[in-house]
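Enquirer: Sharing structure-v5.cif below, mmCIF, C-alpha atoms:
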```cif
data_upload
loop_
_atom_site.label_atom_id
_atom_site.label_comp_id
_atom_site.auth_asym_id
_atom_site.auth_seq_id
_atom_site.Cartn_x
_atom_site.Cartn_y
_atom_site.Cartn_z
CA MET H 1160 14.72 -3.91 27.10
CA ARG H 1161 12.31 -4.87 29.85
CA LEU H 1162 10.73 -8.26 29.20
CA ASN H 1163 7.61 -9.66 30.82
CA ASP H 1164 7.18 -13.34 31.65
CA ILE H 1165 5.86 -14.33 28.21
CA GLU H 1166 8.66 -12.49 26.42
CA GLN H 1167 11.27 -14.12 28.67
CA ALA H 1168 9.76 -17.52 27.89
CA MET H 1169 9.99 -16.79 24.16
CA LEU H 1170 13.61 -15.71 24.52
CA ALA H 1171 14.45 -18.89 26.44
CA GLY H 1172 12.97 -21.02 23.64
CA GLU H 1173 10.19 -22.39 25.85
CA LEU H 1174 7.57 -21.47 23.22
CA GLY H 1175 9.48 -22.86 20.27
CA THR H 1176 12.36 -21.95 17.99
CA PRO H 1177 10.32 -19.67 15.67
CA ARG H 1178 9.22 -17.44 18.55
CA LYS H 1179 12.76 -17.37 19.95
CA TRP H 1180 14.05 -16.15 16.59
CA ALA H 1181 11.24 -13.60 16.42
CA ILE H 1182 11.78 -12.06 19.87
CA GLN H 1183 15.55 -11.93 19.31
CA GLN H 1184 15.02 -10.12 16.01
CA GLN H 1185 12.67 -7.65 17.66
CA MET H 1186 15.03 -7.03 20.56
CA ARG H 1187 17.79 -6.07 18.13
CA VAL H 1188 15.43 -3.59 16.46
CA GLY H 1189 14.21 -2.31 19.81
CA ARG H 1190 17.70 -1.70 21.13
CA PHE H 1191 18.65 0.16 17.95
CA PHE H 1192 15.70 2.53 18.44
CA ASP H 1193 16.12 2.75 22.23
CA ALA H 1194 12.79 1.05 22.93
CA GLU H 1195 12.28 0.42 26.64
CA ASP H 1196 9.85 -2.47 26.23
CA PHE H 1197 7.31 -4.08 23.91
CA VAL H 1198 3.71 -3.15 23.16
CA PRO H 1199 1.07 -5.79 22.27
CA VAL H 1200 -0.47 -5.45 18.81
CA ALA H 1201 -4.04 -6.24 17.76
CA GLN H 1202 -3.23 -7.36 14.21
CA VAL H 1203 -0.38 -7.81 11.75
CA HIS H 1204 -0.32 -6.99 8.03
CA LEU H 1205 2.51 -8.75 6.18
CA MET H 1206 4.02 -7.97 2.79
CA ALA H 1207 4.66 -11.47 1.49
CA ASP H 1208 4.64 -11.60 -2.32
CA ALA H 1209 7.03 -14.17 -3.72
CA GLU H 1210 8.90 -11.64 -5.87
CA SER H 1211 10.13 -9.76 -2.80
CA LEU H 1212 10.62 -12.95 -0.77
CA GLY H 1213 12.65 -14.70 -3.44
CA GLU H 1214 13.74 -18.32 -3.17
CA ALA H 1215 15.68 -17.71 0.06
CA GLY H 1216 12.74 -15.96 1.71
CA VAL H 1217 10.29 -18.70 0.78
CA GLU H 1218 12.69 -21.35 2.12
CA PHE H 1219 12.93 -19.41 5.39
CA ILE H 1220 9.13 -19.32 5.75
CA GLU H 1221 8.94 -23.01 4.90
CA ARG H 1222 11.36 -23.84 7.71
CA ILE H 1223 9.14 -22.02 10.20
CA ALA H 1224 6.08 -23.78 8.78
CA LYS H 1225 7.66 -27.17 9.54
CA ALA H 1226 7.81 -26.46 13.27
CA ARG H 1227 5.27 -28.00 15.64
CA PRO H 1228 1.81 -26.42 15.19
CA GLU H 1229 1.82 -24.79 18.62
CA HIS H 1230 5.21 -23.21 17.82
CA ARG H 1231 4.48 -21.93 14.29
CA ARG H 1232 0.95 -20.56 14.60
CA VAL H 1233 0.55 -16.79 14.78
CA ARG H 1234 -0.40 -15.25 18.13
CA VAL H 1235 -2.58 -12.45 16.72
CA PRO H 1236 -4.69 -12.14 13.54
CA THR H 1237 -2.26 -11.85 10.64
CA ILE H 1238 -3.30 -10.81 7.15
CA THR H 1239 -1.41 -10.48 3.87
CA ASP H 1240 -0.60 -7.73 1.38
CA PRO H 1241 -1.17 -8.37 -2.36
CA ARG H 1242 0.49 -11.44 -3.85
CA GLY H 1243 2.44 -11.58 -7.09
CA ILE H 1244 0.21 -14.03 -8.97
CA ASP H 1245 -3.46 -14.11 -9.90
CA PHE H 1246 -3.76 -17.81 -10.68
CA ASP H 1247 -6.72 -17.15 -13.00
CA ALA H 1248 -4.79 -14.70 -15.18
CA TYR H 1249 -1.02 -15.11 -14.85
CA ARG H 1250 -0.46 -16.96 -18.13
CA ARG H 1251 -2.19 -14.15 -20.05
CA LEU H 1252 0.38 -11.71 -18.62
CA GLY H 1253 3.45 -13.70 -19.62
CA GLN H 1254 4.23 -14.83 -16.07
CA THR H 1255 6.00 -18.18 -15.84
CA GLU H 1256 5.19 -21.45 -14.13
CA LYS H 1257 8.34 -20.96 -12.04
CA MET H 1258 6.89 -17.70 -10.66
CA ALA H 1259 3.56 -19.39 -9.95
CA GLU H 1260 5.17 -22.36 -8.21
CA LEU H 1261 7.20 -20.12 -5.88
CA GLU H 1262 3.97 -18.30 -5.02
CA ARG H 1263 2.20 -21.60 -4.30
CA ARG H 1264 4.99 -22.63 -1.93
CA ALA H 1265 4.76 -19.33 -0.04
CA ILE H 1266 0.98 -19.64 0.23
CA ALA H 1267 1.23 -23.19 1.62
CA ALA H 1268 3.75 -22.10 4.25
CA PHE H 1269 1.68 -19.12 5.37
CA ARG H 1270 -1.44 -21.25 5.62
CA ALA H 1271 0.44 -23.66 7.87
CA MET H 1272 1.15 -20.70 10.16
CA ASP H 1273 -2.57 -19.74 10.28
CA PHE H 1274 -2.27 -16.59 8.21
CA LEU H 1275 -5.46 -15.10 6.79
CA LEU H 1276 -4.55 -14.76 3.11
CA THR H 1277 -6.47 -11.55 2.43
CA ASP H 1278 -3.98 -10.47 -0.28
CA THR H 1279 -4.86 -6.79 -0.09
CA CYS H 1280 -3.31 -3.38 0.51
CA ILE H 1281 -6.74 -1.88 1.24
CA ASN H 1282 -7.30 -4.01 4.33
CA TYR H 1283 -8.59 -0.91 6.13
CA GLN H 1284 -11.44 -0.75 3.59
CA THR H 1285 -12.18 -4.47 3.26
CA VAL H 1286 -11.11 -6.54 6.28
CA MET H 1287 -11.11 -4.98 9.77
CA PRO H 1288 -10.45 -1.24 10.06
CA PRO H 1289 -8.22 -0.35 13.03
CA ILE H 1290 -9.54 2.04 15.66
CA LEU H 1291 -8.18 5.12 17.41
CA GLY H 1292 -5.22 4.28 19.65
CA GLU H 1293 -4.96 0.63 18.56
CA HIS H 1294 -1.39 -0.69 18.20
CA LEU H 1295 -0.59 -2.58 14.99
CA ALA H 1296 2.26 -4.12 13.03
CA PHE H 1297 1.47 -3.08 9.44
CA GLY H 1298 3.88 -3.63 6.56
CA ASP H 1299 2.46 -1.93 3.47
CA THR H 1300 3.26 1.78 3.46
CA GLY H 1301 -0.17 2.80 2.16
CA SER H 1302 -1.96 0.66 4.75
CA THR H 1303 0.24 1.97 7.54
CA ILE H 1304 -0.17 5.67 6.75
CA TYR H 1305 -3.95 5.27 6.39
CA ALA H 1306 -4.23 3.41 9.71
CA ASN H 1307 -2.02 5.93 11.52
CA SER H 1308 -3.50 9.07 10.01
CA VAL H 1309 -7.12 8.51 9.01
CA LEU H 1310 -7.98 6.05 11.78
CA GLY H 1311 -5.61 7.16 14.54
CA ALA H 1312 -4.09 3.72 15.11
CA ARG H 1313 -0.38 3.28 15.82
CA SER H 1314 2.16 1.44 13.68
CA ASN H 1315 5.60 1.86 12.23
CA PHE H 1316 6.47 0.56 8.77
CA GLU H 1317 7.10 -3.10 9.56
CA GLY H 1318 9.07 -4.75 6.75
CA GLY H 1319 8.67 -8.43 5.93
CA PRO H 1320 10.88 -9.95 8.66
CA ALA H 1321 9.62 -7.43 11.26
CA ALA H 1322 5.95 -8.15 10.52
CA LEU H 1323 6.64 -11.90 10.49
CA ALA H 1324 8.28 -11.60 13.91
CA ALA H 1325 5.31 -9.60 15.21
CA SER H 1326 2.91 -12.30 14.04
CA LEU H 1327 4.81 -14.89 16.08
CA THR H 1328 5.21 -12.78 19.23
CA GLY H 1329 2.05 -10.66 19.14
CA ARG H 1330 3.99 -7.49 19.95
CA VAL H 1331 6.47 -4.94 18.60
CA PRO H 1332 9.17 -2.76 20.18
CA ARG H 1333 7.66 0.42 21.62
CA TYR H 1334 9.32 3.14 19.53
CA GLY H 1335 8.50 5.53 16.71
CA TYR H 1336 4.80 6.09 16.08
CA HIS H 1337 3.77 3.94 19.05
CA LEU H 1338 4.94 6.88 21.20
CA GLN H 1339 2.76 9.95 21.51
CA GLN H 1340 5.67 12.40 21.39
CA ASN H 1341 6.61 11.22 17.88
CA ARG H 1342 3.12 11.84 16.48
CA LYS H 1343 3.35 15.66 16.58
CA ALA H 1344 3.41 17.61 13.31
CA THR H 1345 6.87 18.83 12.30
CA ARG H 1346 5.89 20.60 9.05
CA VAL H 1347 2.72 22.48 8.12
CA PHE H 1348 1.27 22.85 4.62
CA ILE H 1349 -1.75 24.92 3.62
CA LEU H 1350 -3.86 23.80 0.68
CA LYS H 1351 -4.81 26.64 -1.68
CA ASP H 1352 -6.81 24.58 -4.18
CA ARG H 1353 -8.73 21.42 -3.34
CA PRO H 1354 -7.85 18.43 -5.59
CA ARG H 1355 -10.63 17.55 -8.04
CA ASP H 1356 -10.23 13.78 -8.36
CA LEU H 1357 -8.32 10.74 -7.07
CA SER H 1358 -5.22 11.29 -9.22
CA ALA H 1359 -5.01 14.90 -8.03
CA TRP H 1360 -5.20 13.77 -4.40
CA GLY H 1361 -2.32 11.41 -5.23
CA ALA H 1362 -0.44 14.26 -6.90
CA LEU H 1363 -0.92 16.35 -3.73
CA GLY H 1364 0.62 13.52 -1.72
CA GLY H 1365 3.52 13.42 -4.17
CA VAL H 1366 4.10 17.18 -4.02
CA ILE H 1367 4.15 17.26 -0.21
CA GLY H 1368 6.11 14.01 0.05
CA LYS H 1369 8.91 15.32 -2.17
CA ARG H 1370 9.37 18.29 0.20
CA LEU H 1371 9.89 16.09 3.25
CA GLN H 1372 13.29 14.86 4.34
CA SER H 1373 12.86 11.76 6.51
CA TYR H 1374 10.62 9.09 8.00
CA TRP H 1375 10.40 11.10 11.20
CA GLU H 1376 8.76 14.15 9.62
CA VAL H 1377 5.00 14.44 10.19
CA PRO H 1378 3.13 16.85 7.90
CA ALA H 1379 -0.02 18.68 8.94
CA ILE H 1380 -2.32 19.91 6.17
CA LEU H 1381 -4.48 22.99 6.62
CA GLY H 1382 -7.19 24.37 4.35
CA VAL H 1383 -9.11 21.18 3.56
CA ASP H 1384 -12.71 22.34 3.38
CA GLY H 1385 -14.85 19.29 4.19
CA ALA H 1386 -13.79 15.71 4.69
CA PRO H 1387 -12.30 13.90 1.69
CA THR H 1388 -13.66 10.45 0.84
CA SER H 1389 -11.95 7.24 1.91
CA ASP H 1390 -10.63 6.74 -1.64
CA GLU H 1391 -9.30 10.30 -1.82
CA LEU H 1392 -7.45 9.86 1.47
CA LYS H 1393 -6.25 6.46 0.28
CA HIS H 1394 -4.61 7.94 -2.83
CA PHE H 1395 -3.22 10.92 -0.93
CA GLY H 1396 -1.68 8.80 1.84
CA ALA H 1397 -0.28 6.14 -0.49
CA ALA H 1398 1.49 8.77 -2.60
CA LEU H 1399 2.69 10.71 0.45
CA ALA H 1400 4.23 7.56 1.91
CA SER H 1401 5.76 6.60 -1.45
CA PHE H 1402 7.35 9.96 -2.24
CA GLY H 1403 8.04 11.06 1.33
CA THR H 1404 8.72 7.81 3.17
CA VAL H 1405 6.51 9.03 5.99
CA ALA H 1406 4.06 6.98 8.05
CA LEU H 1407 1.75 9.66 9.48
CA PHE H 1408 0.00 12.86 8.43
CA HIS H 1409 -2.55 15.09 10.12
CA MET H 1410 -5.33 16.82 8.18
CA VAL H 1411 -6.59 19.54 10.50
CA GLY H 1412 -10.31 19.29 11.12
CA VAL H 1413 -10.47 15.92 9.33
CA THR H 1414 -8.26 13.26 10.91
CA PRO H 1415 -9.02 12.17 14.49
CA GLU H 1416 -5.90 13.42 16.25
CA ALA H 1417 -6.06 16.89 14.68
CA PRO H 1418 -9.16 18.81 15.81
CA ASP H 1419 -7.04 21.96 15.42
CA LEU H 1420 -3.42 22.80 14.71
CA PRO H 1421 -2.28 23.51 18.31
CA ALA H 1422 -3.40 20.01 19.34
CA ILE H 1423 -0.79 18.34 17.12
CA LEU H 1424 1.91 20.95 16.46
CA SER H 1425 5.42 20.28 17.73
CA ALA H 1426 7.73 22.99 18.97
CA GLY H 1427 9.96 24.27 16.19
CA ALA H 1428 7.56 23.65 13.30
CA GLY H 1429 7.85 26.45 10.79
CA PRO H 1430 5.11 28.58 9.20
CA PRO H 1431 2.60 26.99 6.80
CA GLU H 1432 3.97 26.25 3.33
CA PRO H 1433 1.43 26.83 0.52
CA VAL H 1434 0.52 24.12 -1.99
CA GLY H 1435 -1.68 25.10 -4.94
CA ALA H 1436 -2.93 24.13 -8.36
CA SER H 1437 0.32 25.19 -10.05
CA ASP H 1438 2.25 22.70 -7.90
CA LEU H 1439 -0.07 19.88 -8.94
CA GLU H 1440 0.13 20.91 -12.61
CA ALA H 1441 3.94 20.81 -12.48
CA PHE H 1442 3.76 17.38 -10.85
CA TYR H 1443 1.54 16.08 -13.67
CA ARG H 1444 3.88 17.55 -16.31
CA SER H 1445 6.80 15.61 -14.84
CA TYR H 1446 4.98 12.45 -16.00
CA GLY H 1447 4.26 13.47 -19.59
CA GLY H 1448 4.73 11.78 -22.97
CA ALA H 1449 1.91 13.27 -25.04
CA GLY H 1450 1.26 11.46 -28.31
CA ASP H 1451 3.21 8.28 -27.48
CA LYS H 1452 1.74 4.90 -28.33
CA LEU H 1453 0.25 3.54 -25.12
CA ASP H 1454 1.05 -0.05 -24.17
CA VAL H 1455 -0.80 -0.51 -20.89
CA VAL H 1456 -3.11 1.31 -18.51
CA VAL H 1457 -2.94 0.11 -14.91
CA PHE H 1458 -5.42 0.85 -12.15
CA ALA H 1459 -3.70 -0.33 -8.95
CA ALA H 1460 -1.48 0.79 -6.07
CA PRO H 1461 -3.66 0.96 -4.04
CA GLN H 1462 -6.10 -1.73 -5.11
CA LEU H 1463 -9.46 -0.37 -6.21
CA SER H 1464 -12.45 -0.10 -3.92
CA LEU H 1465 -15.92 -1.21 -5.01
CA ILE H 1466 -16.82 2.44 -5.62
CA GLU H 1467 -13.81 2.93 -7.89
CA LEU H 1468 -14.75 -0.20 -9.84
CA GLN H 1469 -18.29 1.12 -10.29
CA THR H 1470 -16.92 4.42 -11.62
CA LEU H 1471 -14.57 2.60 -13.99
CA ALA H 1472 -17.35 0.34 -15.27
CA GLY H 1473 -19.46 3.42 -16.07
CA LEU H 1474 -16.60 5.02 -17.99
CA LEU H 1475 -16.06 1.84 -20.03
CA ASP H 1476 -19.70 1.12 -20.87
CA GLY H 1477 -20.15 1.12 -24.65
CA ARG H 1478 -16.40 1.54 -25.30
CA ALA H 1479 -13.57 -0.80 -26.21
CA VAL H 1480 -9.91 -0.75 -25.19
CA HIS H 1481 -7.64 -0.35 -28.24
CA PRO H 1482 -6.42 -3.74 -29.51
CA GLN H 1483 -2.77 -2.70 -29.08
CA THR H 1484 -3.28 -1.40 -25.53
CA ALA H 1485 -3.88 -3.47 -22.40
CA MET H 1486 -5.83 -2.39 -19.33
CA LEU H 1487 -5.21 -4.05 -15.95
CA VAL H 1488 -7.45 -3.43 -12.95
CA ALA H 1489 -6.35 -4.77 -9.54
CA THR H 1490 -8.56 -5.20 -6.50
CA SER H 1491 -8.81 -7.35 -3.39
CA PRO H 1492 -10.35 -10.86 -3.48
CA GLU H 1493 -13.30 -9.67 -1.37
CA VAL H 1494 -14.02 -6.68 -3.59
CA LYS H 1495 -13.57 -8.82 -6.72
CA SER H 1496 -16.18 -11.24 -5.41
CA ALA H 1497 -18.61 -8.37 -4.82
CA ALA H 1498 -17.82 -6.90 -8.24
CA ASP H 1499 -18.55 -10.27 -9.85
CA ARG H 1500 -21.88 -10.49 -8.03
CA LEU H 1501 -22.87 -6.94 -8.96
CA GLY H 1502 -21.93 -7.30 -12.62
CA LEU H 1503 -19.10 -4.74 -12.47
CA THR H 1504 -16.42 -7.25 -13.50
CA ARG H 1505 -18.45 -8.25 -16.56
CA ARG H 1506 -18.90 -4.63 -17.64
CA ILE H 1507 -15.20 -3.81 -17.24
CA GLU H 1508 -13.97 -6.94 -19.00
CA ARG H 1509 -16.55 -6.55 -21.81
CA ALA H 1510 -14.57 -3.45 -22.80
CA GLY H 1511 -11.36 -5.50 -23.05
CA ALA H 1512 -9.79 -4.91 -19.61
CA ILE H 1513 -8.59 -7.62 -17.22
CA VAL H 1514 -9.76 -7.49 -13.61
CA LEU H 1515 -7.13 -9.02 -11.32
CA LYS H 1516 -7.71 -10.13 -7.74
CA GLY H 1517 -5.30 -10.23 -4.81
CA VAL H 1518 -2.36 -8.66 -6.65
CA CYS H 1519 -0.81 -5.24 -7.26
CA PHE H 1520 1.05 -4.57 -10.48
CA TYR H 1521 4.45 -3.55 -9.13
CA GLN H 1522 4.50 -6.62 -6.86
CA MET H 1523 3.89 -9.17 -9.61
CA HIS H 1524 7.19 -9.27 -11.52
CA ALA H 1525 6.31 -6.10 -13.43
CA ARG H 1526 9.64 -5.94 -15.27
CA GLU H 1527 9.30 -9.50 -16.51
CA ILE H 1528 5.69 -8.88 -17.54
CA GLY H 1529 6.78 -5.82 -19.52
CA GLU H 1530 9.52 -7.75 -21.27
CA ALA H 1531 7.22 -10.68 -22.05
CA MET H 1532 4.38 -8.49 -23.34
CA GLY H 1533 6.50 -5.81 -25.02
CA TRP H 1534 5.15 -3.07 -22.74
CA LYS H 1535 7.03 0.14 -22.11
CA ARG H 1536 4.60 3.09 -22.10
CA LEU H 1537 2.27 2.98 -19.08
CA MET H 1538 -0.50 5.24 -17.80
CA SER H 1539 -2.21 5.24 -14.41
CA ASN H 1540 -4.28 7.45 -12.12
CA SER H 1541 -2.12 6.31 -9.18
CA ALA H 1542 0.69 8.69 -8.22
CA LYS H 1543 2.18 5.93 -6.08
CA LEU H 1544 2.37 3.58 -9.05
CA VAL H 1545 3.99 6.08 -11.41
CA ASN H 1546 6.59 6.82 -8.73
CA ILE H 1547 7.53 3.16 -8.40
CA ILE H 1548 7.09 1.72 -11.86
CA GLY H 1549 9.90 3.62 -13.59
CA GLY H 1550 12.30 1.40 -11.66
CA TYR H 1551 10.83 -1.59 -13.49
CA GLY H 1552 11.64 -0.28 -16.96
CA TYR H 1553 8.41 1.59 -17.76
CA THR H 1554 7.87 5.20 -18.85
CA PRO H 1555 4.78 6.30 -16.89
CA SER H 1556 2.19 9.05 -17.25
CA LEU H 1557 -0.18 10.21 -14.51
CA ALA H 1558 -3.73 11.17 -15.45
CA THR H 1559 -7.29 11.06 -14.19
CA MET H 1560 -9.32 7.87 -14.46
CA GLU H 1561 -11.37 9.48 -17.24
CA GLN H 1562 -8.21 10.41 -19.18
CA CYS H 1563 -6.74 6.95 -18.67
CA VAL H 1564 -9.86 5.35 -20.13
CA ALA H 1565 -9.89 7.73 -23.09
CA ALA H 1566 -6.21 7.02 -23.73
CA ALA H 1567 -6.76 3.25 -23.53
CA VAL H 1568 -9.56 3.52 -26.10
CA ALA H 1569 -7.43 5.71 -28.39
CA GLY H 1570 -4.26 3.70 -27.84
CA ARG H 1571 -2.16 6.82 -27.29
CA VAL H 1572 -1.12 9.12 -24.44
CA PRO H 1573 -3.36 12.21 -24.65
CA GLY H 1574 -2.06 15.66 -25.49
CA GLU H 1575 -2.71 16.89 -21.94
CA ALA H 1576 -2.05 14.76 -18.82
CA ALA H 1577 -3.89 16.96 -16.36
#
```
Rewrite the structure of this file - the entire thing - as C-alpha cells.

Expert:
Amino acid sequence: MRLNDIEQAMLAGELGTPRKWAIQQQMRVGRFFDAEDFVPVAQVHLMADAESLGEAGVEFIERIAKARPEHRRVRVPTITDPRGIDFDAYRRLGQTEKMAELERRAIAAFRAMDFLLTDTCINYQTVMPPILGEHLAFGDTGSTIYANSVLGARSNFEGGPAALAASLTGRVPRYGYHLQQNRKATRVFILKDRPRDLSAWGALGGVIGKRLQSYWEVPAILGVDGAPTSDELKHFGAALASFGTVALFHMVGVTPEAPDLPAILSAGAGPPEPVGASDLEAFYRSYGGAGDKLDVVVFAAPQLSLIELQTLAGLLDGRAVHPQTAMLVATSPEVKSAADRLGLTRRIERAGAIVLKGVCFYQMHAREIGEAMGWKRLMSNSAKLVNIIGGYGYTPSLATMEQCVAAAVAGRVPGEAA
C-alpha cells in the first residue's frame, strides 16, 4: 500500500505504540482487500459494549489508555454504539455487579482516549448526520447502511478492532464501499405493496435480505411511491443489513445516489424481482406463537427516535402492562433526556414499562437477563431484533407497535401477528 508521510511516521512508531499497532492492523486488512492506499475519515462509530469486548477486550483497551496522552487520543471524532448497561436500571433486569464493573472499566478507558460516549446506534438521527460523499468508519450495521444508503456517505462495516484502529489513525483502507465501482446495484427488486408501518418496513428488509447472497450485493428497490420517513428507512435498513449482511441499498427516486435506475445499475444485474404483501405476510408468520404467555416486549434495535417514543406514549396512555409481562424501551441518552423533559418517559413508565438509555437489548447480556428474569417468549416490532434474539435463547414474535402494546397489556401473544 502507498503510505503518505503521516502514515509512514505511524508505522515507524514515531506517533506512539497505539498508532503503530493501528496502522499495521489496517495495512493487513488493506492488503487482503487489495487496497492501494488509505482514505481519511471524518468520524468513527465504534461498537464497544463490554459483552462483546469481554475481559480480554477491555484489558486491551486499558493498555492503550495507559499510553501517553498524545499517543492514545483519537485523531478524529469518535462516538460509541449502545453499551451493555444502563446504570440506572441494571439491577432491575437481573444484571450483575460483575457485568457493571466491566462496563465501568471500558468506559474509563474510552474516556481516556477522548471518545465521545454517545452510546447510540441512531447516531445519524441524534449526533451528526454524515453527508453525501463523506468517508466514515462506522461499526454498527444499521448505522452503516443508513449512512451509506440514505445519506450517501461511504463506509464499510468496521468491526471493533477496525473502528478502534481508524480512531487512532484517522483513516481506513480504500476498498469496498469507499470505491465508486462497488456502489452499483447488483440486484433489483420492485415493491408491489407499500409497507404500512415500521415493523412492515423491517419485514421488507428481512424479505429482501434473505434473498441476497453476500456483503458485496447491492439491492436497488423500485416502486416506492413517495419518500419513506427516517424511522421507516431506519427499520428497513437495519433489517436488510441483519438478514442480508449488506452495507448499501438504493431506493430509486428516494436515496441520493439513485435518481433513476440507469444511474446506479451495474452490468449483469437481472430483471426486477417482485416483492409484495404476501411475502411480508409469510415473513410475519415465520415469527408466530399465537396464544403463548408473553414474557417481555422489547422496543429496540434500532433505538427509538423521539417520534417513536411519542407514538408509544400515546398507545400506552390509560393502559397498564400485564403484571407478568415486562416492557423494555431503549433509546439514546440524548433522546432519553428530551423524552424526560417532554413528559414522554413519565407517560410510558406510568403504564409499567422501563425506558432504558444508551443500551440495546441484544447487546446487554440478553441471555443472562432472560435466565435471571425467567423470560423466554419475546415480542418486538423490530425485524432486526427478532432475527438476532433467537440466538440468545428467546422465542420471538414480530408485530406492529400497536399489536405489541396490546399483547403486553393482555400478557399473551395475539392470535394474529400481522

Enquirer: Can I get the residues of range 1260-1372 of chain H within 9 Å of range 1418-1434 of chain H, each with the closest pair of atoms and their distance in Å to one decimal, using only C-alpha atoms, sorted chain first then ascending number, as a tab-separated table?

Expert:
```
residue	atom	partner	partner_atom	distance
H:Gln1340	CA	H:Ser1425	CA	8.7
H:Arg1342	CA	H:Ile1423	CA	7.6
H:Lys1343	CA	H:Ile1423	CA	5.0
H:Ala1344	CA	H:Leu1424	CA	4.8
H:Thr1345	CA	H:Ala1428	CA	5.0
H:Arg1346	CA	H:Ala1428	CA	5.5
H:Val1347	CA	H:Pro1431	CA	4.7
H:Phe1348	CA	H:Glu1432	CA	4.5
H:Ile1349	CA	H:Pro1433	CA	4.8
H:Leu1350	CA	H:Val1434	CA	5.1
H:Lys1351	CA	H:Val1434	CA	5.9
H:Asp1352	CA	H:Val1434	CA	7.7
H:Leu1363	CA	H:Val1434	CA	8.1
H:Val1366	CA	H:Val1434	CA	8.1
H:Ile1367	CA	H:Val1434	CA	8.0
```

Enquirer: Could you state the separation of CA of His1409 in chain H and CA of Gly1364 in chain H in Å, given to one decimal place?

Expert: 12.4 Å

Enquirer: Using only C-alpha atoms, find all polymer residues with an atom at most 8 Å away from the point (-8.7, 3.0, -11.7); report them as a count of residues only.

Expert: 12

Enquirer: Translate the PyMOL selection byres ((chain H and resi 1234-1242) around 6), as applied to the file shown, into an explicit residue set as a ChimeraX atom specification.

Expert: /H:1202-1206,1208,1233,1243-1244,1274-1280,1327,1329,1517-1519

Enquirer: How many Å separate CA of Glu1166 in chain H from CA of Phe1191 in chain H?

Expert: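 Spanning CA of Glu1166 in chain H to CA of Phe1191 in chain H is a straight-line distance of 18.2 Å.
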
Enquirer: Here is a test: counting only C-alpha atoms, which residue of H:Gly1318, H:Gly1311, H:Ala1542, H:Leu1170 is nearest to Gly1368 in chain H?

Expert: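 Nearest candidate to Gly1368 in chain H out of H:Gly1318, H:Gly1311, H:Ala1542, H:Leu1170: H:Ala1542.
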
Enquirer: Can you tell me how far CA of Val1455 in chain H sits from CA of Thr1554 in chain H, in Å to one decimal?

Expert: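 That distance, rounded to one decimal, is 10.6 Å.
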
Enquirer: Between H:Pro1354, H:Gly1570, H:Gly1253, H:Pro1332, which residue has the minimum interatomic distance to Asn1315 in chain H, considering all atoms listed in the file?

Expert: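 The closest residue to Asn1315 in chain H is H:Pro1332.
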
Enquirer: Could you spell out the hits of the PyMOL selection byres ((chain H and resi 1217) around 12) on the shown file, as a VMD selection string?

Expert: chain H and resid 1207 to 1216 1218 to 1224 1258 1260 to 1269 1319 to 1320

Enquirer: Between H:Gly1502, H:Pro1573, H:Gly1549, H:Gly1403, which one has atoms that come closest to Val1377 in chain H, using all atoms listed in the file?

Expert: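 The answer is H:Gly1403, which sits nearest to Val1377 in chain H.
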
Enquirer: If the PyMOL selection byres ((chain H and resi 1441) around 12) is run on the structure shown, which residues does it catch, given as an MDAnalysis selection string?

Expert: chainID H and resid 1359 1362:1363 1365:1366 1434:1440 1442:1447 1557 1576:1577

Enquirer: Which is closest to Gln1183 in chain H among H:Gln1339, H:Thr1255, H:Ser1302, H:Thr1328, if we use all atoms listed in the file?

Expert: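 The shortest atom-to-atom distance to Gln1183 in chain H comes from H:Thr1328.
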
Enquirer: Can you sort out range 1563-1574 of chain H so it carries N, CA and C atoms, written as a compact mmCIF listing (two decimals), in the frame of the given file?

Expert:
```
# COMPACT_ATOMS: atom_id res chain seq x y z
N CYS H 1563 -7.34 8.27 -18.45
CA CYS H 1563 -6.74 6.95 -18.67
C CYS H 1563 -7.63 6.08 -19.55
N VAL H 1564 -8.93 6.12 -19.30
CA VAL H 1564 -9.86 5.35 -20.13
C VAL H 1564 -9.85 5.85 -21.56
N ALA H 1565 -9.91 7.17 -21.74
CA ALA H 1565 -9.89 7.73 -23.09
C ALA H 1565 -8.61 7.36 -23.83
N ALA H 1566 -7.49 7.38 -23.11
CA ALA H 1566 -6.21 7.02 -23.73
C ALA H 1566 -6.17 5.54 -24.10
N ALA H 1567 -6.74 4.69 -23.23
CA ALA H 1567 -6.76 3.25 -23.53
C ALA H 1567 -7.61 2.96 -24.75
N VAL H 1568 -8.70 3.69 -24.92
CA VAL H 1568 -9.56 3.52 -26.10
C VAL H 1568 -8.85 4.01 -27.36
N ALA H 1569 -8.14 5.14 -27.24
CA ALA H 1569 -7.43 5.71 -28.39
C ALA H 1569 -6.13 5.00 -28.68
N GLY H 1570 -5.53 4.38 -27.67
CA GLY H 1570 -4.26 3.70 -27.84
C GLY H 1570 -3.05 4.63 -27.81
N ARG H 1571 -3.26 5.85 -27.35
CA ARG H 1571 -2.16 6.82 -27.29
C ARG H 1571 -2.29 7.67 -26.04
N VAL H 1572 -1.15 8.18 -25.56
CA VAL H 1572 -1.12 9.12 -24.44
C VAL H 1572 -1.73 10.43 -24.92
N PRO H 1573 -2.69 11.00 -24.18
CA PRO H 1573 -3.36 12.21 -24.65
C PRO H 1573 -2.42 13.41 -24.68
N GLY H 1574 -2.87 14.47 -25.37
CA GLY H 1574 -2.06 15.66 -25.49
C GLY H 1574 -1.85 16.37 -24.17
```
